[in-house]
Amino acid sequence: MEEQDKTDNSVDVEQGNNPKKITVSIWRGNSDGGQFVDYVLDYIEGEVMLDVVHRVQSEQVPDLGVRWNCKAGKCGSCSSEINGKPSLMCMTRMSTLDISRPITVSPMRTFPIIKDLVTDVSFNFEVAKKIPALKLKAREKDGTYRMQQADIERGQEFRKCIECFLCQNVCHVIRDHEENKTAFAGPRFLMRIAELEMHPLDTLDRRRYAFDAMGLGYCNITKCCTEVCPEHIHITDNALIPLKERVVDARFDPVAKLGRTILRKPKPTPASEIAKLTPAGKANAKSD
Amino acid sequence: MNEIETHYFDVLIIGAGGAGLRAAVEASAMGAKTAVVCKSLLGKAHTVMAEGGVAAAMGNVWPEDNWKVHFRDTMRGGKMLNNWRMAQLHAQESPDRVLELEEWGALFDRTPDGRILQRDFGGHRYARLAHVGDRTGLELLRTLQHRSVDQDIEVFMECKIFRLLTDESGKVNGALGLWRENGKFIAFGAKSVIICSGGVGKTWKITSNSWESTGDGQALALWAGADLIDMEFLQFHPTGMIWPPSARGLLVTEAVRGDGGILKNKDQVRFMFNYIPEFYAKETADTIEEGDQWYGNKKDFRRPPELLPRDEVARAINSEVKAGRGSPHGGVYLDIYSRRTPEDIQKRLPSMYHQFKELADVDITKEPMEIGPTCHYIMGGIRVDADTAATTVEGLFAAGEAAGGMHGANRLGGNSLSDLLVFGRRAGKSAAEYASEHQGDAQLNMSLISDYSKHALSFFDKENGLNPYSLHHELQDTMQSLVGIIRTESELLEAKERLSVLKEKLQDISVEGNRQFNPGWHLALDLQSMLDVATCTTLSAIERKESRGGHTRDDYPQSDHDYFGKINMITKQGNDEITLRKEDLPIMPDELKILFEEGK
């Protein structure tokens, strides 16, 4: 529960006789309130923000609350706001920050605080239960599924998502509007719908569902989500806008309707039908 | 004591990595009321760090491949110490487990004819690893996560289990944990429990593992009376980052070498050609020209030595550095930039590109990486029955890295993701069957719960005691320097001594603050696991007086095939201390033995 090895030699080699100091101002508190507290540490060459927070933890504040796992930008646990910018602590190199003044580290603002840098992100896990799973067509006669690389690359881009929830955190639809959380799934989960929609072998039609049940219409493509994505996924351009276009096809477009007729595609499935297929919908049905 | 939050399930799974979720999916599909408990949030498990792929003899790229070849590669990679039955089941069943993931939504990279593409990896005769660029573990975990959500499996996130509960006969019937968020205790009654809690890497200083890898599951099993097997076998992955210091130990996928990457020392020599062991000489290229041709023609050429099993490569790197031929930061160079085009590298190794660019400011399409060995995986673990994943304790099952036997003395890359799928499923199935044979909710022993809870809280009682972080550093230093890649009797004995001192010091730890999300307290609890599991490793390492796979003894540099090659080390919790005994390796049936004669 503390830092990766921070080799001893780095201290002598890098700092020489003139140790630089840094001040980090970490938000400390819980749901009852809190404040920023300054910590002064030596500057160590090559560190990332998470190393610094871990040093504060192991040397000064053993009970400092912080989430982390992989420390390599692969698990999406250490999301926070560094100098106000939503970032992964493990991928923020100290050398990219202005260390001449205090660096602030605060918890993600969109989610309720548990303690210090740890927030209650359960909203996201609840939304995940509203996603209707993949429903593939039958296998080929030889028992395989055939898909061309070119046809899955878009889906693969979305599946790079590490669920750091920084896009959820930064999205203004919910960042400043708690009340929208019931109607709006957020970029991460709209992208998941887009991913399922674009799966070459999937048979469900989630377009109406994306609009009616997941709040796709709330998104006004300001691209904030794309900007903070540590995986550099083009959430807005490659997921949200194409999904909006498909939804428009499904809802209003007479040309698309004609196209559907020619391609013998069925009518868009009503959101209520899809809702029954989601884990949340199935759970409701069970309890009824 | 106050009322404690209590839940009852048929099957309780500890750990939400690949093995845990695959077990959960299976148990729940069989109708068992199933729950998963994990220390982190769902989807963050260490499985996401697996990069290169999942090994399965599907034969999509090389039709010559089949389970027998995979079985043979696995046993040879494990230096023949694997549980043969596990290796057999693993090789036979992994193709189905991969195809099933695809049905659940995994998008593996494709062959030109639209099937799942497979890539080369060390020790595998044919290109065998189904993959998604270099983020296969994430794909696998996310797929299983979605599947478990769809099956409405209950998940208790950020909840640490610190003791198993047993009935008067010693049968496991539940577990005791705490919510990390508020520090409150939570008890689970279960008809069967599966441990899928992963590895032990955090006991070493330089490791690719996350904070979660503290040997919790191995310790829980040990304390409940289960056998651990071959705990001396640790895999030091040959390629971890070594610079900058904060990134030290982070994994650099073997796929870099599978896709053509080569190792060089500071004199630009491809030194691996000097380290080809006799055991692999017949199947390894001895010239650069032959090695390079192998990538395109596996029938007529032999594989380059960079793709020897991990233990061989890690030892070679260690020797080069010791001989003064290392890179500036004490590693060697891994070069892909001179071997593949920048486009190819970015396409096939996107997260490596990203990782080096962002953490080290190194562009791997233009310059070499500096790498060195890092503690990565434990081959040993909880002793299980091959077919059922049952441990030696009634009601307790184990799968994935927490279980031992499958990989013998050394694991081949790609075999861990397939291991956790194959045995995760088997464990889920067996545990659900076991639960269905037992009626009624578990009768939990409340006084046991009360004792364990009081002990967990005792860290708050002391003031101005030891800082848990310092104790952890001491433990890591001890294991890194005395029970590392190269071992020797005197150092191992010193480690044993130091571990018992550290265990006494554990009593002097004091934890500051309160029970709400308190990492210092959680570490104190994790240290209990780490110390006992490290002791098992050290004891087994002392007794295995030979070198084999992930256990290299400076004082016994040769493998002893006649004696130790036929012995498993079993550690177990005795009354006061951990005890060790040797047992004969299960004997492989003749119809499998012939597979090894053909290859010679």
# chains A, B, ... in the order shown; residues from 1 in each chain; ligands from 1

call {"tool": "closest_atom_pairs", "arguments": {"of": "chain B", "to": "chain A", "cutoff": "6 Å", "atoms": "only C-alpha atoms", "output": "Markdown table"}}
result
| residue | atom | partner | partner_atom | distance |
| --- | --- | --- | --- | --- |
| B:Lys44 | CA | A:Cys75 | CA | 5.1 |
| B:Arg110 | CA | A:Gln149 | CA | 5.2 |
| B:Gly114 | CA | A:Arg146 | CA | 4.5 |
| B:Arg115 | CA | A:Arg146 | CA | 5.4 |
| B:Asp150 | CA | A:Pro279 | CA | 5.0 |
| B:Lys205 | CA | A:Asp5 | CA | 5.9 |
| B:Ser210 | CA | A:Cys70 | CA | 5.1 |
| B:Trp211 | CA | A:Met1 | CA | 5.0 |
| B:Pro244 | CA | A:Gly46 | CA | 5.2 |
| B:Pro245 | CA | A:Lys6 | CA | 5.4 |
| B:Ser246 | CA | A:Lys6 | CA | 5.3 |
| B:Tyr469 | CA | A:Ser58 | CA | 5.7 |
| B:Phe517 | CA | A:Gly65 | CA | 5.9 |
| B:Asn518 | CA | A:Asp63 | CA | 4.6 |
| B:Pro519 | CA | A:Asp63 | CA | 5.5 |
| B:Gly520 | CA | A:Pro62 | CA | 5.1 |
| B:Leu523 | CA | A:Met1 | CA | 5.9 |

call {"tool": "write_last_selection", "arguments": {"atoms": "N, CA and C atoms", "output": "compact mmCIF listing (two decimals), in the first residue's frame"}}
result
# COMPACT_ATOMS: atom_id res chain seq x y z
N LYS B 44 -10.32 -3.55 -11.52
CA LYS B 44 -8.98 -3.00 -11.32
C LYS B 44 -7.95 -4.08 -11.02
N ARG B 110 -7.34 -10.14 -35.30
CA ARG B 110 -7.80 -11.14 -36.25
C ARG B 110 -6.73 -11.58 -37.25
N GLY B 114 -10.19 -13.75 -40.77
CA GLY B 114 -11.23 -13.36 -39.81
C GLY B 114 -11.27 -14.16 -38.52
N ARG B 115 -10.30 -15.05 -38.32
CA ARG B 115 -10.27 -15.79 -37.05
C ARG B 115 -9.38 -15.08 -36.04
N ASP B 150 -23.79 -8.95 -16.11
CA ASP B 150 -24.98 -9.44 -16.80
C ASP B 150 -25.63 -10.60 -16.07
N LYS B 205 10.95 -6.00 -3.41
CA LYS B 205 11.10 -4.56 -3.59
C LYS B 205 10.87 -4.17 -5.05
N SER B 210 0.88 -4.97 -8.17
CA SER B 210 0.25 -3.84 -7.51
C SER B 210 0.17 -4.08 -6.01
N TRP B 211 -0.32 -3.08 -5.26
CA TRP B 211 -0.37 -3.18 -3.80
C TRP B 211 -1.19 -4.37 -3.33
N PRO B 244 12.59 5.66 -15.23
CA PRO B 244 13.07 6.30 -14.01
C PRO B 244 12.79 5.44 -12.77
N PRO B 245 13.43 5.79 -11.65
CA PRO B 245 13.32 4.97 -10.44
C PRO B 245 11.88 4.68 -10.06
N SER B 246 11.01 5.64 -10.25
CA SER B 246 9.63 5.43 -9.80
C SER B 246 8.92 4.38 -10.65
N TYR B 469 4.56 1.09 7.15
CA TYR B 469 5.29 1.29 5.90
C TYR B 469 6.77 0.94 6.08
N PHE B 517 -11.30 4.38 5.63
CA PHE B 517 -10.32 4.23 4.54
C PHE B 517 -8.89 4.52 4.98
N ASN B 518 -8.33 3.62 5.71
CA ASN B 518 -7.03 3.86 6.34
C ASN B 518 -5.96 2.89 5.79
N PRO B 519 -5.23 3.34 4.76
CA PRO B 519 -4.25 2.47 4.11
C PRO B 519 -3.18 1.93 5.06
N GLY B 520 -2.83 2.70 6.08
CA GLY B 520 -1.83 2.24 7.03
C GLY B 520 -2.32 0.99 7.78
N LEU B 523 -2.42 -1.99 5.41
CA LEU B 523 -1.08 -2.53 5.19
C LEU B 523 -0.66 -3.40 6.38

call {"tool": "residues_around", "arguments": {"residues": "segment 116-125 of chain B", "least_positions_apart": "6", "cutoff": "9 Å", "atoms": "only C-alpha atoms", "output": "short mmCIF file (atom, residue, chain, number, x, y, z; two decimals) with C-alpha atoms, in the first residue's frame"}}
result
data_model
loop_
_atom_site.label_atom_id
_atom_site.label_comp_id
_atom_site.auth_asym_id
_atom_site.auth_seq_id
_atom_site.Cartn_x
_atom_site.Cartn_y
_atom_site.Cartn_z
CA THR A 144 -15.72 -19.92 -35.23
CA TYR A 145 -16.82 -16.34 -35.40
CA ARG A 146 -15.38 -14.52 -38.38
CA MET A 147 -14.65 -10.83 -38.13
CA GLY B 52 0.94 -10.28 -24.25
CA GLY B 53 -1.89 -12.74 -24.58
CA VAL B 54 -3.64 -15.93 -23.62
CA ALA B 55 -2.03 -19.19 -24.72
CA ALA B 56 -4.35 -21.66 -26.44
CA MET B 58 -6.19 -23.20 -31.53
CA GLY B 59 -3.93 -23.63 -34.51
CA ASN B 60 -5.24 -20.53 -36.26
CA VAL B 61 -1.80 -19.44 -37.44
CA TRP B 62 0.05 -22.76 -37.33
CA ASP B 65 -0.31 -26.76 -33.20
CA VAL B 69 2.44 -29.57 -28.26
CA HIS B 70 1.16 -26.97 -25.80
CA ASP B 73 5.95 -26.83 -24.05
CA THR B 74 4.33 -26.11 -20.69
CA ARG B 76 9.34 -28.35 -20.41
CA GLY B 77 9.01 -24.68 -19.50
CA LEU B 99 -13.70 -18.91 -27.90
CA LEU B 107 -12.44 -8.46 -29.54
CA PHE B 108 -9.21 -10.31 -30.20
CA ASP B 109 -6.95 -9.25 -33.06
CA ARG B 110 -7.80 -11.14 -36.25
CA HIS B 131 -4.20 -11.21 -27.98
CA VAL B 132 -5.44 -7.67 -28.27
CA GLU B 254 7.31 -10.34 -23.58
CA ALA B 255 5.36 -9.53 -26.74
CA ARG B 257 10.44 -10.09 -28.00
CA GLY B 258 7.68 -12.20 -29.52
CA ASP B 259 7.27 -9.53 -32.16
CA GLU B 283 15.30 -26.07 -30.56
CA TYR B 295 9.74 -15.34 -37.42
CA LYS B 298 8.94 -21.90 -38.05
CA ARG B 303 13.65 -19.79 -32.48
CA PRO B 305 17.32 -17.35 -27.81
CA GLU B 306 15.57 -14.15 -26.74
CA LEU B 307 12.49 -16.35 -26.70
CA LEU B 308 13.82 -18.90 -24.25
CA PRO B 309 11.62 -19.33 -21.17
CA ARG B 310 11.63 -16.42 -18.73
CA LEU B 412 5.54 -19.72 -19.77
CA GLY B 413 4.23 -16.34 -20.82
CA GLY B 414 0.61 -16.48 -21.88
#

call {"tool": "select_by_dssp", "arguments": {"residues": "segment 224-285 of chain B", "states": "alpha helix (DSSP H)", "output": "PyMOL selection string"}}
result
chain B and resi 255-258+278-281

call {"tool": "residues_around", "arguments": {"residues": "segment 382-395 of chain B", "least_positions_apart": "2", "cutoff": "7 Å", "atoms": "only C-alpha atoms", "output": "PyMOL selection string"}}
result
chain B and resi 85-86+171-173+191-193+218+225-229+397-399+402-405+423+426-427+430

call {"tool": "write_last_selection", "arguments": {"atoms": "N, CA and C atoms", "output": "tab-separated table (two decimals), in the first residue's frame"}}
result
chain	number	residue	atom	x	y	z
B	85	ARG	N	-1.34	-33.41	-14.65
B	85	ARG	CA	-2.77	-33.42	-14.95
B	85	ARG	C	-3.30	-31.99	-15.14
B	86	MET	N	-2.80	-31.07	-14.34
B	86	MET	CA	-3.20	-29.68	-14.53
B	86	MET	C	-2.72	-29.17	-15.89
B	171	LYS	N	-13.81	-27.57	8.58
B	171	LYS	CA	-14.29	-27.24	7.24
B	171	LYS	C	-14.48	-25.72	7.12
B	172	VAL	N	-14.07	-25.18	5.99
B	172	VAL	CA	-14.25	-23.75	5.76
B	172	VAL	C	-15.73	-23.47	5.49
B	173	ASN	N	-16.30	-22.51	6.22
B	173	ASN	CA	-17.72	-22.20	6.00
B	173	ASN	C	-17.99	-20.71	5.90
B	191	LYS	N	-21.23	-22.02	1.66
B	191	LYS	CA	-21.10	-23.48	1.62
B	191	LYS	C	-19.76	-23.87	1.03
B	192	SER	N	-19.26	-23.05	0.14
B	192	SER	CA	-17.88	-23.26	-0.32
B	192	SER	C	-17.24	-21.92	-0.62
B	193	VAL	N	-15.94	-21.89	-0.48
B	193	VAL	CA	-15.17	-20.66	-0.68
B	193	VAL	C	-14.08	-20.93	-1.71
B	218	GLN	N	-3.01	-17.09	-0.16
B	218	GLN	CA	-2.11	-18.16	0.28
B	218	GLN	C	-2.10	-18.21	1.81
B	225	GLY	N	-5.35	-24.25	7.48
B	225	GLY	CA	-4.82	-25.61	7.54
B	225	GLY	C	-4.49	-26.25	6.21
B	226	ALA	N	-4.57	-25.45	5.13
B	226	ALA	CA	-4.32	-26.03	3.80
B	226	ALA	C	-2.82	-26.15	3.52
B	227	ASP	N	-2.49	-27.05	2.61
B	227	ASP	CA	-1.10	-27.20	2.14
B	227	ASP	C	-0.80	-26.13	1.09
B	228	LEU	N	0.42	-25.59	1.16
B	228	LEU	CA	0.94	-24.80	0.04
B	228	LEU	C	2.00	-25.66	-0.64
B	229	ILE	N	2.16	-25.46	-1.94
B	229	ILE	CA	3.09	-26.32	-2.68
B	229	ILE	C	4.12	-25.49	-3.44
B	397	PHE	N	-11.58	-24.04	-2.10
B	397	PHE	CA	-11.07	-24.25	-3.45
B	397	PHE	C	-10.14	-23.09	-3.79
B	398	ALA	N	-9.33	-23.27	-4.82
B	398	ALA	CA	-8.43	-22.18	-5.21
B	398	ALA	C	-8.12	-22.26	-6.69
B	399	ALA	N	-7.92	-21.09	-7.31
B	399	ALA	CA	-7.57	-21.06	-8.74
B	399	ALA	C	-6.77	-19.81	-9.06
B	402	ALA	N	-3.03	-17.80	-7.21
B	402	ALA	CA	-3.02	-18.23	-5.81
B	402	ALA	C	-2.83	-19.74	-5.68
B	403	ALA	N	-3.23	-20.49	-6.69
B	403	ALA	CA	-3.08	-21.94	-6.65
B	403	ALA	C	-1.73	-22.33	-7.23
B	404	GLY	N	-1.20	-23.46	-6.81
B	404	GLY	CA	0.11	-23.90	-7.29
B	404	GLY	C	0.03	-25.19	-8.08
B	405	GLY	N	1.15	-25.56	-8.69
B	405	GLY	CA	1.23	-26.87	-9.34
B	405	GLY	C	1.21	-26.82	-10.85
B	423	PHE	N	-8.90	-23.00	-14.95
B	423	PHE	CA	-9.11	-23.46	-13.58
B	423	PHE	C	-10.07	-22.56	-12.80
B	426	ARG	N	-13.18	-24.35	-13.66
B	426	ARG	CA	-13.27	-25.63	-12.94
B	426	ARG	C	-13.55	-25.41	-11.45
B	427	ALA	N	-12.91	-24.41	-10.88
B	427	ALA	CA	-13.15	-24.13	-9.46
B	427	ALA	C	-14.60	-23.70	-9.23
B	430	SER	N	-16.81	-26.83	-9.48
B	430	SER	CA	-16.69	-27.75	-8.35
B	430	SER	C	-17.28	-27.15	-7.08

call {"tool": "atom_distance", "arguments": {"atom1": "atom CA of Leu493 of chain B", "atom2": "atom CA of Thr538 of chain B"}}
result
8.1 Å

call {"tool": "closest_atom_pairs", "arguments": {"of": "segment 179-224 of chain A", "to": "segment 233-241 of chain A", "cutoff": "12 Å", "atoms": "only C-alpha atoms", "output": "Markdown table"}}
result
| residue | atom | partner | partner_atom | distance |
| --- | --- | --- | --- | --- |
| A:Gly186 | CA | A:Leu240 | CA | 10.4 |
| A:Pro187 | CA | A:Ile235 | CA | 7.3 |
| A:Arg188 | CA | A:Ile235 | CA | 8.1 |
| A:Phe189 | CA | A:Leu240 | CA | 10.1 |
| A:Leu190 | CA | A:Leu240 | CA | 6.8 |
| A:Met191 | CA | A:Ala239 | CA | 5.3 |
| A:Arg192 | CA | A:Ala239 | CA | 8.5 |
| A:Ile193 | CA | A:Ala239 | CA | 8.7 |
| A:Ala194 | CA | A:Ala239 | CA | 5.6 |
| A:Glu195 | CA | A:Ala239 | CA | 7.5 |
| A:Leu196 | CA | A:Ala239 | CA | 10.6 |
| A:Glu197 | CA | A:Ala239 | CA | 9.9 |
| A:Met198 | CA | A:Ala239 | CA | 9.4 |
| A:Arg207 | CA | A:Leu240 | CA | 11.7 |
| A:Ala210 | CA | A:Leu240 | CA | 10.3 |
| A:Phe211 | CA | A:Leu240 | CA | 11.2 |
| A:Gly215 | CA | A:Leu240 | CA | 11.5 |
| A:Leu216 | CA | A:Leu240 | CA | 8.0 |
| A:Gly217 | CA | A:Leu240 | CA | 10.1 |
| A:Tyr218 | CA | A:Leu240 | CA | 11.1 |
| A:Cys219 | CA | A:Leu240 | CA | 8.2 |
| A:Asn220 | CA | A:Ile241 | CA | 9.5 |
| A:Ile221 | CA | A:Thr236 | CA | 6.3 |
| A:Thr222 | CA | A:Thr236 | CA | 8.1 |
| A:Lys223 | CA | A:Thr236 | CA | 5.7 |
| A:Cys224 | CA | A:Thr236 | CA | 8.6 |

call {"tool": "write_last_selection", "arguments": {"atoms": "C-alpha atoms", "output": "CSV table (one decimal), in the first residue's frame"}}
result
chain,number,residue,atom,x,y,z
A,186,GLY,CA,-22.1,9.7,-19.0
A,187,PRO,CA,-19.5,9.4,-21.8
A,188,ARG,CA,-18.0,6.1,-20.6
A,189,PHE,CA,-21.3,4.2,-20.8
A,190,LEU,CA,-22.5,5.9,-24.0
A,191,MET,CA,-19.3,4.8,-25.5
A,192,ARG,CA,-19.9,1.3,-24.3
A,193,ILE,CA,-23.3,1.4,-26.1
A,194,ALA,CA,-21.5,2.6,-29.2
A,195,GLU,CA,-19.0,-0.2,-28.9
A,196,LEU,CA,-21.8,-2.8,-28.7
A,197,GLU,CA,-23.7,-1.1,-31.5
A,198,MET,CA,-20.6,-1.3,-33.7
A,207,ARG,CA,-30.2,3.1,-30.6
A,210,ALA,CA,-29.2,5.1,-25.9
A,211,PHE,CA,-31.4,8.1,-26.4
A,215,GLY,CA,-29.6,10.2,-22.0
A,216,LEU,CA,-27.6,10.5,-25.2
A,217,GLY,CA,-29.4,13.7,-26.0
A,218,TYR,CA,-27.9,15.5,-23.0
A,219,CYS,CA,-24.5,15.3,-24.6
A,220,ASN,CA,-23.7,18.5,-26.6
A,221,ILE,CA,-20.3,17.3,-27.8
A,222,THR,CA,-18.1,19.8,-26.0
A,223,LYS,CA,-15.3,17.1,-26.1
A,224,CYS,CA,-14.3,17.6,-22.5

call {"tool": "residues_around", "arguments": {"residues": "Asp344 of chain B", "least_positions_apart": "6", "cutoff": "12 Å", "atoms": "only C-alpha atoms", "output": "PyMOL selection string"}}
result
chain B and resi 133+256+259-260+336-338+350+353+364-365

call {"tool": "residues_around", "arguments": {"residues": "Lys429 of chain B", "least_positions_apart": "6", "cutoff": "10 Å", "atoms": "only C-alpha atoms", "output": "PyMOL selection string"}}
result
chain B and resi 23-30+32+388-389+423+435

call {"tool": "residues_around", "arguments": {"residues": "Phe111 of chain A", "least_positions_apart": "4", "cutoff": "12 Å", "atoms": "only C-alpha atoms", "output": "VMD selection string"}}
result
chain A and resid 31 79 to 80 106 to 107 115 117 to 124 165 to 166 168 to 171 174 to 178 181

call {"tool": "decode", "arguments": {"residues": "segment 78-90 of chain B", "atoms": "C-alpha atoms", "output": "compact mmCIF listing (two decimals), in the first residue's frame"}}
result
# COMPACT_ATOMS: atom_id res chain seq x y z
CA GLY B 78 8.11 -25.76 -15.95
CA LYS B 79 11.21 -27.96 -15.86
CA MET B 80 8.98 -31.04 -15.60
CA LEU B 81 7.88 -30.19 -12.10
CA ASN B 82 4.35 -29.25 -13.12
CA ASN B 83 1.38 -31.24 -11.94
CA TRP B 84 0.99 -33.16 -15.22
CA ARG B 85 -2.77 -33.42 -14.95
CA MET B 86 -3.20 -29.68 -14.53
CA ALA B 87 -0.92 -29.03 -17.48
CA GLN B 88 -2.92 -31.51 -19.54
CA LEU B 89 -6.33 -30.06 -18.68
CA HIS B 90 -4.96 -26.57 -19.26
